[in-house]
Each structure stands twice: as C-alpha cells, then as structure tokens.
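**Q** Handing you a structure now.
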Amino acid sequence: MYRRIIHIDMDAFFAAIEQRDQKLRGKPVVVGGSKGRGVVAAASYEARAFGIRSAMPMGEAMRRCPALVVVPVRHALYREESKKIHAIMRSFTDTIQPVSIDEAYLDVTDHIEEYGTATEIAIRLKKRIREETDLTASAGVGPNKTAAKIASDYRKPDGLTVVHPTRLAEFYDQLDIERFPGIGKATAKRMHALNIRNGAELRAQSRILLKQKFGKSGEWFYRMIRGDENRPVKTGHKRKSVSAERTYFDGLRSSESIDEALSEIASRVAKRMEKGKFTGKTITLKIRFSDFSQFTRSRTLDRTCNGPEDLVRVAKVLVRQFDEDKPVRLLGIGVSGLESSDAVQTEFGFT
C-alpha cells in the first residue's frame, strides 16, 4: 500500500506578496537590498525571465533589467502569511512537515475517505490558498516525498502534477538528472562524465557502480530512482488541536443547511480524533461570511468531548451567536487542549 504525499511550494513567495500588496503584478520585482547594493533575496517570475535569481548582486540584477522594481524585505509579514498557509494545510491533515517558510510536505493517506483522492485534496488546497491569501501555490502529488517534490516544480507557477505509482518509472525516466533532489551541479557533472544524463540512464546503472562512484549517496540514488523510498513526513511537533473545515463557494443561507454542514464537519473531526486516540475539552467554531469577515467562538466543556454529538451540539450553540443576514462561506470545527484518550480512560479506571 503506497502513501499519498503532497508537496506544496508557494510561487515566488516573497516577491508575490509584494506584487500583491503594492499592486505590482505583471512587473519584474525583486525583494532585497537597495538598488546598487546588497543581493536579491527573491525574484518574481517576470524578473526571472531576465535571468535574475536569488543571491545575485543587486547591481547585476539592475543591469539585466533596468525597469526592475526593488522592494525591501519584510520578514515579519512573510512569516504571518506562512502561518495562514500552514493553517489551511492543517485543516486537511495534521501530518505536515514544513521544509521552509514557503513549502511543506503533507501526508494525506489517512484522509482519502474524506475527500476522495489525494489529487482532490491538492486541488482544494490550491484553491483555498488562492482564495484566502490571493497567492498561488504549485502542488505535486506522489507516492513518496521525492516524487511529490519533483512534481511540484514540474509546472510552476500555479501548477499541479500528479505522479501515480504505476507511472513513477515513466515520469522519472524522462527527467534531466538535475531535476532530482540531492543532485547538485558537482554531482551532475560527475554523472555526465559517466554518460548519466536522465532518469532512464540512472536507472540503468548497477548498485555496485553507483556506490563505487558516489559512496552512500550512490545507494540512495539506486533506491530513489526505483521508487524504493519510505521516508516519513515528520511533523516534529506535539499536536495541539484537531480540526476540519469546509468552504462553500455558493454560500449557506438557511439554518438547516448550516446545521447539516456542521454535522458533516463534526463527523470528520470525530474520526480524526478517534484515529489519533485524542480527546479534548475546548471546542472552537470558525465561520466566514460572504463579505470575507471571519470569526471564531470557543466553549470549554466541564468534561472531555464525547464524539460528534458533543461537537455538533456546541457548534450549533456557537453559530447561533451570529445574527448575520449574509451567506456563510466557510465553517470549521476544532478541538484543542488534547490528551491521549488512552490516558483519560486509565485516569477514570477503565480497562
């Protein structure tokens, strides 16, 4: 049974934020030091068309594109945008491994029943990110982290590439060797000297030769090109909450439709809690209206949450606090203050 991994990579993240905020879309923009000094921290795709790249001296970038727009770095803003994007990711799965401020791996294997396919999850993720941040992301879907990583870069910007496990060899074989993670310029040069220029030629090499020429990396190359990879998506943090949410692009108008939606979301949250063997006392409702105003309301129970019935009951009470005559665009339910349900049972003497 293969896993379903998604790699999300924001498109020219720093530069795209500045293009959005300063109404510079369509123009060549770089983020970095002042004109003539410093280096390029990030470049928009319009600037990249002139050969401008990160770490390039700003003077060289200006010579390549005299119309270049240079804006200063705003790290605090980029971190806040990153938090928003990771929150969107966590509404689909808690198994997330951030790689940097603008990219992350998601393991959605355990959430296929909720959404149908990993591809559908990737489509929804991209749509949510665009709607909530006005930024684009590229996504790759694959049976392992390498395939997902390569796929996310395959059709940038705003791309989506899906690599099915039965087509993995076909996908890898046609790639230039430089497209594979871990093969930099120096390693690629050594491979070229061995007439290894693409995935098919790498696959044709024996394990012995690759280990002789590249040491431990050679063993990795041999296994990687065959899809023999099971690196997990490492969350690296203790889970603090379990949640699920859904966007309704046409808007929910009646209390009946809202209650029905809350029941469906509560069921998903309860399944996630059951799968993770978690329980908690604080239930939070998230709601967004058609004018994009967004609110949260929470209530803490005097006992641990007992399945979807408690979630629905509390969520209905919280949603009734809003007397808004506007369609509802998003609903979410979360449970925080998590404990292991096994530990809770032991505390109360159950066996």
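Letters A, B, ... mark the chains of the structure tokens in the order given; residue numbers begin at 1 per chain; ligand numbers begin at 1, in order shown.
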Per DSSP on the backbone, what are the strand (DSSP E) residues of stretch 42-257 of chain A, as a ChimeraX atom specification?
**A** /A:42-43,69-71,96-100,103-107,137-142,160-162,241-252
**Q** Write to file, as a compact mmCIF listing (two decimals), in the first residue's frame, the residues of the selection just made, with N, CA and C atoms.
**A**
```txt
# COMPACT_ATOMS: atom_id res chain seq x y z
N ALA A 42 14.73 37.46 -3.32
CA ALA A 42 13.70 36.72 -4.05
C ALA A 42 13.34 37.50 -5.31
N ALA A 43 12.95 36.77 -6.35
CA ALA A 43 12.63 37.42 -7.63
C ALA A 43 11.30 36.89 -8.14
N VAL A 69 11.81 46.57 -10.33
CA VAL A 69 11.29 47.22 -9.12
C VAL A 69 11.90 46.52 -7.91
N VAL A 70 12.60 47.26 -7.08
CA VAL A 70 13.27 46.71 -5.90
C VAL A 70 12.51 47.13 -4.65
N VAL A 71 12.11 46.15 -3.86
CA VAL A 71 11.39 46.45 -2.61
C VAL A 71 12.13 45.80 -1.44
N ILE A 96 2.09 17.17 8.72
CA ILE A 96 2.71 18.19 7.89
C ILE A 96 4.17 18.35 8.30
N GLN A 97 5.04 18.43 7.32
CA GLN A 97 6.45 18.69 7.56
C GLN A 97 6.87 19.96 6.83
N PRO A 98 6.91 21.09 7.54
CA PRO A 98 7.39 22.31 6.88
C PRO A 98 8.86 22.14 6.51
N VAL A 99 9.21 22.54 5.30
CA VAL A 99 10.59 22.46 4.84
C VAL A 99 11.24 23.84 4.93
N SER A 100 10.45 24.85 4.66
CA SER A 100 10.91 26.23 4.76
C SER A 100 9.66 27.09 4.95
N GLU A 103 7.26 26.21 1.81
CA GLU A 103 6.99 24.88 1.27
C GLU A 103 6.85 23.86 2.39
N ALA A 104 6.10 22.79 2.09
CA ALA A 104 5.85 21.76 3.10
C ALA A 104 5.38 20.48 2.42
N TYR A 105 5.64 19.36 3.11
CA TYR A 105 5.10 18.06 2.71
C TYR A 105 3.86 17.77 3.56
N LEU A 106 2.86 17.14 2.95
CA LEU A 106 1.67 16.70 3.66
C LEU A 106 1.44 15.23 3.34
N ASP A 107 1.22 14.42 4.37
CA ASP A 107 0.81 13.03 4.17
C ASP A 107 -0.70 12.98 4.37
N ALA A 137 0.05 28.69 -5.36
CA ALA A 137 0.95 27.63 -4.93
C ALA A 137 1.01 26.57 -6.02
N SER A 138 2.15 25.92 -6.14
CA SER A 138 2.27 24.76 -7.01
C SER A 138 2.27 23.52 -6.14
N ALA A 139 1.62 22.46 -6.64
CA ALA A 139 1.47 21.24 -5.85
C ALA A 139 1.94 20.03 -6.65
N GLY A 140 2.57 19.11 -5.95
CA GLY A 140 2.94 17.83 -6.52
C GLY A 140 2.36 16.72 -5.68
N VAL A 141 1.80 15.71 -6.32
CA VAL A 141 1.21 14.56 -5.62
C VAL A 141 1.95 13.32 -6.07
N GLY A 142 2.39 12.52 -5.10
CA GLY A 142 3.12 11.31 -5.46
C GLY A 142 3.10 10.29 -4.35
N LEU A 160 -0.02 21.91 -11.01
CA LEU A 160 -0.42 20.71 -10.28
C LEU A 160 -0.02 19.51 -11.13
N THR A 161 0.87 18.69 -10.60
CA THR A 161 1.32 17.49 -11.29
C THR A 161 1.12 16.30 -10.38
N VAL A 162 0.49 15.27 -10.90
CA VAL A 162 0.19 14.06 -10.14
C VAL A 162 1.00 12.91 -10.73
N SER A 241 -4.18 20.49 18.47
CA SER A 241 -5.60 20.55 18.16
C SER A 241 -5.90 19.62 16.99
N VAL A 242 -7.18 19.31 16.86
CA VAL A 242 -7.69 18.53 15.72
C VAL A 242 -8.84 19.33 15.15
N SER A 243 -8.85 19.52 13.83
CA SER A 243 -9.90 20.36 13.25
C SER A 243 -10.20 19.91 11.83
N ALA A 244 -11.30 20.43 11.33
CA ALA A 244 -11.68 20.25 9.92
C ALA A 244 -12.55 21.43 9.55
N GLU A 245 -12.49 21.82 8.29
CA GLU A 245 -13.32 22.92 7.83
C GLU A 245 -13.66 22.71 6.37
N ARG A 246 -14.63 23.47 5.91
CA ARG A 246 -15.04 23.34 4.51
C ARG A 246 -15.51 24.69 3.99
N THR A 247 -15.16 24.96 2.74
CA THR A 247 -15.56 26.20 2.08
C THR A 247 -16.80 25.94 1.22
N TYR A 248 -17.74 26.84 1.26
CA TYR A 248 -18.98 26.73 0.48
C TYR A 248 -19.03 27.93 -0.48
N PHE A 249 -18.64 27.68 -1.71
CA PHE A 249 -18.46 28.79 -2.65
C PHE A 249 -19.79 29.45 -3.02
N ASP A 250 -20.89 28.70 -2.95
CA ASP A 250 -22.20 29.30 -3.22
C ASP A 250 -22.82 29.93 -1.98
N GLY A 251 -22.28 29.62 -0.82
CA GLY A 251 -22.78 30.18 0.44
C GLY A 251 -23.95 29.41 1.00
N LEU A 252 -23.94 29.22 2.32
CA LEU A 252 -25.07 28.58 3.03
C LEU A 252 -25.97 29.68 3.57
```
**Q** Which residues of stretch 249-312 of chain A have any atom within 12 Å of an atom in stretch 129-135 of chain A when counting only C-alpha atoms, and what is the closest pair of atoms for each, with the distance in Å to one decimal? Order the rows by chain and rising number and write it as JSON lines.
**A**
```
{"residue": "A:Phe249", "atom": "CA", "partner": "A:Glu131", "partner_atom": "CA", "distance": 10.2}
{"residue": "A:Arg288", "atom": "CA", "partner": "A:Glu132", "partner_atom": "CA", "distance": 10.8}
{"residue": "A:Phe292", "atom": "CA", "partner": "A:Glu132", "partner_atom": "CA", "distance": 8.9}
{"residue": "A:Ser293", "atom": "CA", "partner": "A:Glu132", "partner_atom": "CA", "distance": 11.4}
{"residue": "A:Gln294", "atom": "CA", "partner": "A:Glu132", "partner_atom": "CA", "distance": 11.0}
```
**Q** Could you check which of A:Asn144, A:Ser91, A:Thr235, A:Ser257 is closest to A:Gly332, using only C-alpha atoms?
**A** A:Ser91
**Q** Skipping near chain neighbours, those fewer than 2 positions away, what residues fall within 8 Å of A:Tyr45 using only C-alpha atoms, listed as JSON, numbers by chain?
**A** {"A": [12, 28, 43, 47, 48, 49]}
**Q** Using DSSP on the backbone coordinates, identify the residues of stretch 25-244 of chain A assigned to helix (DSSP H, G or I); present them as a PyMOL selection string.
**A** chain A and resi 45-48+58-64+75-90+109-115+118-133+145-152+165-173+177-179+185-193+199-203+207-214+216-224
**Q** So what do you get for atom CA of A:Val29 versus atom CA of A:Ser152, distance-wise?
**A**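 Between these atoms lies a distance of 22.7 Å.
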**Q** Take atom CA of A:Leu331 and atom CA of A:Ile265 and report the distance between them in Å, one decimal.
**A**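 For atom CA of A:Leu331 relative to atom CA of A:Ile265, the distance reads 8.1 Å.
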**Q** Could you check the closest approach to A:Ile6 for each of A:Ala61, A:Ile196, A:Val39, A:Val233 and tell me which residue wins, using only C-alpha atoms?
**A** A:Val233
